[in-house]
Amino acid sequence: MRTYILALTKYGLTVDVLLFTVLACILLFNRNKRAAKVMGYLQSCLLLVFMLISYITLALAMKSVTYIFLCMIQLVVFFLAIAVYQAAYPKASLTLLNNMFMLMSIGLVIVSRLDIDKAWKQLAIAVVGLVITCALPLLRHYFYLLKKPGYIYGVVGIGMLAAVMLLSSATNGANITFTIAGVTFQPSEFVKILFLLFLASTLKDAKSWKDVFLVAIFAAAHVLILIGSTDLGSGLIFYVVFFFVVFLATGAGWVLAFGAGFGAIGAVACYFMFAHIQERVAAFLDPWAYIDTIGYQITQALFAISAGGAFGSGLGQGSPDDIFFADSDFVYASCCEEFGLIIGVCIIVLCLGCMLVMLRLAMGFADRFYQLLAYGCAVEYGFQCFLTIGGQTKFIPLTGVTLPFISYGGSSLLTSLIMFTLVQTMYILRNEKIDEYRKKRLRSSQETPSRVRSFEQSSRSGEYYPQEDRRRVRYYERDQRTIRSDRNNIR
């Protein structure tokens, strides 16, 4: 019986995640609030089924009831957070919220499959992050204060990165972590948030290329310190985010071309400066020639992805722990082996959906700070996902960055939650502003409909109102068009 259950649950998990992803795609383009609410409830049900099936399967495969306890606690934490969030912030993005919880659930399941002790730690950090996620939007009416520090963000970020470079301990050849009271964290992950706030608060008022050049000096300092710490993956993320945000702030297309050209020169320079970059490039070009040495990780990742097939080997039935750092740098390969390629593609679609929600929000803001911040969050999140998944599938050389919400790592999880909370807060503010504007329009034209009817009746009888009445009717019609447009823009 146990064998049949283990063999069949992988199909149930695949169908569950596939349906969730289809609903997430529909929600991206849905404008009916009632239908969106129904689909949101369906996604919550699918999330519940996913967690129950996953942990029951792990309990049977690993012959341990600890997974059931982990499942119960995770269910309470996640659904309590979802209920509180939806009740407190009905104007939040349902797509972004549901996708975030599904990605976190997939990450916790695969981490618990690899190391149950790490899963408990990850869940504890998720609880802290979700408290921040639920509490931070309460301060949304003070959100405008984030615009003021400007270059202070840059100074603090550079100081934190410099301290890491000089004082931190080495992790896999890079000086990126601090350990305090037994807790290890990666400050560069939190500096990513400060960097986004720095770019948005300084470039919103940029009036000339001289202002942009000053911002570029601070951004270059961030990147150079990361290179000095040999944290090249994070340095690349900072570099790409800077040029994309500058592109949006200035509208100059040549900025991206210049960034690509200068980045290519920098990549060649880093190749000759760092031996491990040369190894990664060699492993990328021909991993089979170095399968026992520098190509071991990427070849094992490719074996794992192909071994899983469409539906995966089943939770607890594969061997993802054969890969070094299977729960962090190579977590996507672990997911593909045990969950299957279909769920692997669903993960990519969910990540893209989150990025599209952020980009849509950026396009809908007139405030430059909010626009640049939302756009920067979208680029940073999307590019980090691309680096992680692209490296593990041999699309690009390995960079050693984590997959947001899925990889094991408290700093990465907290940073991702804070970033999504910033986006949700801006989304809520935008929708509240649209509703306020709509109500104001309705109040200002509440007496006009009777005049419109009188005007239409008199027009049919050949009588005409004075010029001022006809003008009021035109204003009313214009207001009604604006209200309909605003209503369509409310998500």
# chains A, B, ... in the order shown; residues from 1 in each chain; ligands from 1
call {"tool": "residues_around", "arguments": {"residues": "A:Ile110", "least_positions_apart": "2", "cutoff": "12 Å", "atoms": "only C-alpha atoms", "output": "PyMOL selection string"}}
result
chain A and resi 51+54-55+57-58+67+103-108+112-116+118-119+122+314-316+318-321+326-328+330-339+405-408
call {"tool": "residues_around", "arguments": {"residues": "A:Leu285", "least_positions_apart": "3", "cutoff": "9 Å", "atoms": "only C-alpha atoms", "output": "PDB file with N, CA, C and O atoms, in the first residue's frame"}}
result
ATOM      1  N   ARG A 280      34.311  28.022 -13.491  1.00  0.00           N
ATOM      2  CA  ARG A 280      32.884  27.969 -13.795  1.00  0.00           C
ATOM      3  C   ARG A 280      32.620  28.093 -15.290  1.00  0.00           C
ATOM      4  O   ARG A 280      31.714  27.446 -15.817  1.00  0.00           O
ATOM      5  N   VAL A 281      33.391  28.930 -15.957  1.00  0.00           N
ATOM      6  CA  VAL A 281      33.228  29.054 -17.404  1.00  0.00           C
ATOM      7  C   VAL A 281      33.630  27.767 -18.100  1.00  0.00           C
ATOM      8  O   VAL A 281      32.947  27.298 -19.032  1.00  0.00           O
ATOM      9  N   ALA A 282      34.738  27.160 -17.648  1.00  0.00           N
ATOM     10  CA  ALA A 282      35.177  25.891 -18.235  1.00  0.00           C
ATOM     11  C   ALA A 282      34.137  24.799 -18.001  1.00  0.00           C
ATOM     12  O   ALA A 282      33.827  24.005 -18.906  1.00  0.00           O
ATOM     13  N   LYS A 394      22.288  24.965 -17.145  1.00  0.00           N
ATOM     14  CA  LYS A 394      23.399  25.154 -18.084  1.00  0.00           C
ATOM     15  C   LYS A 394      23.054  26.121 -19.211  1.00  0.00           C
ATOM     16  O   LYS A 394      23.533  26.023 -20.327  1.00  0.00           O
ATOM     17  N   PRO A 397      26.662  30.345 -17.121  1.00  0.00           N
ATOM     18  CA  PRO A 397      27.553  29.823 -16.074  1.00  0.00           C
ATOM     19  C   PRO A 397      26.953  30.016 -14.687  1.00  0.00           C
ATOM     20  O   PRO A 397      26.145  30.914 -14.451  1.00  0.00           O
TER      21      PRO A 397
END
call {"tool": "residues_around", "arguments": {"residues": "A:Phe324", "least_positions_apart": "6", "cutoff": "10 Å", "atoms": "only C-alpha atoms", "output": "number ranges by chain"}}
result
A: 296-298, 300-301, 330
call {"tool": "atom_distance", "arguments": {"atom1": "atom CA of A:Val77", "atom2": "atom CA of A:Asn99"}}
result
16.2 Å
call {"tool": "closest_residue", "arguments": {"among": "A:Gln371, A:Thr421, A:Thr14, A:Gln392", "to": "A:Phe325", "atoms": "only C-alpha atoms"}}
result
A:Gln392
call {"tool": "closest_residue", "arguments": {"among": "A:Ile158, A:Ala289, A:Leu52, A:Ile265", "to": "A:Val223", "atoms": "only C-alpha atoms"}}
result
A:Ile158
call {"tool": "residues_around", "arguments": {"residues": "A:Thr3", "least_positions_apart": "5", "cutoff": "10 Å", "atoms": "only C-alpha atoms", "output": "JSON, numbers by chain"}}
result
{"A": [8, 60, 61]}
call {"tool": "select_by_dssp", "arguments": {"residues": "stretch 284-332 of chain A", "states": "helix (DSSP H, G or I)", "output": "ChimeraX atom specification"}}
result
/A:284-285,287-290,296-308,320-322,331-332
call {"tool": "closest_atom_pairs", "arguments": {"of": "stretch 51-110 of chain A", "to": "stretch 426-429 of chain A", "cutoff": "10 Å", "atoms": "only C-alpha atoms", "output": "Markdown table"}}
result
| residue | atom | partner | partner_atom | distance |
| --- | --- | --- | --- | --- |
| A:Tyr89 | CA | A:Ile428 | CA | 7.3 |
| A:Pro90 | CA | A:Ile428 | CA | 8.4 |
| A:Lys91 | CA | A:Ile428 | CA | 5.4 |
| A:Ala92 | CA | A:Ile428 | CA | 5.2 |
| A:Ser93 | CA | A:Tyr427 | CA | 6.8 |
call {"tool": "residues_around", "arguments": {"residues": "A:Gly233", "least_positions_apart": "5", "cutoff": "7 Å", "atoms": "only C-alpha atoms", "output": "compact mmCIF listing (two decimals) with N, CA, C and O atoms, in the first residue's frame"}}
result
# COMPACT_ATOMS: atom_id res chain seq x y z
N THR A 399 26.39 31.11 -10.91
CA THR A 399 26.71 32.35 -10.19
C THR A 399 26.63 32.18 -8.68
O THR A 399 27.12 33.03 -7.94
N GLY A 400 25.97 31.15 -8.19
CA GLY A 400 25.94 30.91 -6.76
C GLY A 400 24.95 31.77 -5.99
O GLY A 400 25.12 31.98 -4.79
N VAL A 401 23.89 32.27 -6.64
CA VAL A 401 22.86 33.04 -5.93
C VAL A 401 21.68 32.13 -5.66
O VAL A 401 21.49 31.09 -6.30
call {"tool": "closest_residue", "arguments": {"among": "A:Val191, A:Leu70, A:Met355, A:Ile56", "to": "A:Leu6", "atoms": "only C-alpha atoms"}}
result
A:Ile56
call {"tool": "atom_distance", "arguments": {"atom1": "atom CA of A:Ala310", "atom2": "atom CA of A:Ile68"}}
result
26.8 Å
call {"tool": "residues_around", "arguments": {"residues": "A:Leu96", "least_positions_apart": "2", "cutoff": "12 Å", "atoms": "only C-alpha atoms", "output": "MDAnalysis selection string"}}
result
chainID A and resid 24:25 27:28 40 43 82 91:94 98:103 350:361 378 417 419:425 427 491
call {"tool": "decode", "arguments": {"residues": "stretch 411-449 of chain A", "atoms": "C-alpha atoms", "output": "tab-separated table (two decimals), in the first residue's frame"}}
result
chain	number	residue	atom	x	y	z
A	411	SER	CA	18.67	36.21	4.77
A	412	SER	CA	17.37	35.41	1.30
A	413	LEU	CA	13.88	34.58	2.59
A	414	LEU	CA	13.60	37.70	4.75
A	415	THR	CA	14.84	39.94	1.93
A	416	SER	CA	12.35	38.46	-0.52
A	417	LEU	CA	9.48	38.91	1.95
A	418	ILE	CA	10.43	42.53	2.63
A	419	MET	CA	10.72	43.25	-1.10
A	420	PHE	CA	7.28	41.77	-1.80
A	421	THR	CA	5.86	43.69	1.17
A	422	LEU	CA	7.17	46.97	-0.26
A	423	VAL	CA	5.48	46.16	-3.56
A	424	GLN	CA	2.23	45.15	-1.85
A	425	THR	CA	2.25	48.37	0.19
A	426	MET	CA	2.59	50.44	-2.98
A	427	TYR	CA	-0.15	48.36	-4.62
A	428	ILE	CA	-2.51	49.02	-1.70
A	429	LEU	CA	-1.73	52.75	-1.74
A	430	ARG	CA	-2.40	52.91	-5.47
A	431	ASN	CA	-5.77	51.17	-5.22
A	432	GLU	CA	-6.82	53.30	-2.25
A	433	LYS	CA	-5.91	56.43	-4.19
A	434	ILE	CA	-7.94	55.28	-7.21
A	435	ASP	CA	-10.96	54.55	-4.98
A	436	GLU	CA	-10.63	57.91	-3.27
A	437	TYR	CA	-10.47	59.69	-6.61
A	438	ARG	CA	-13.46	57.74	-7.87
A	439	LYS	CA	-15.57	58.62	-4.81
A	440	LYS	CA	-14.60	62.27	-5.15
A	441	ARG	CA	-15.73	62.29	-8.77
A	442	LEU	CA	-19.00	60.64	-7.85
A	443	ARG	CA	-19.70	63.19	-5.10
A	444	SER	CA	-18.90	66.12	-7.37
A	445	SER	CA	-21.37	64.97	-10.01
A	446	GLN	CA	-24.12	63.47	-7.85
A	447	GLU	CA	-26.68	66.14	-8.80
A	448	THR	CA	-25.88	66.18	-12.49
A	449	PRO	CA	-27.85	63.10	-13.72
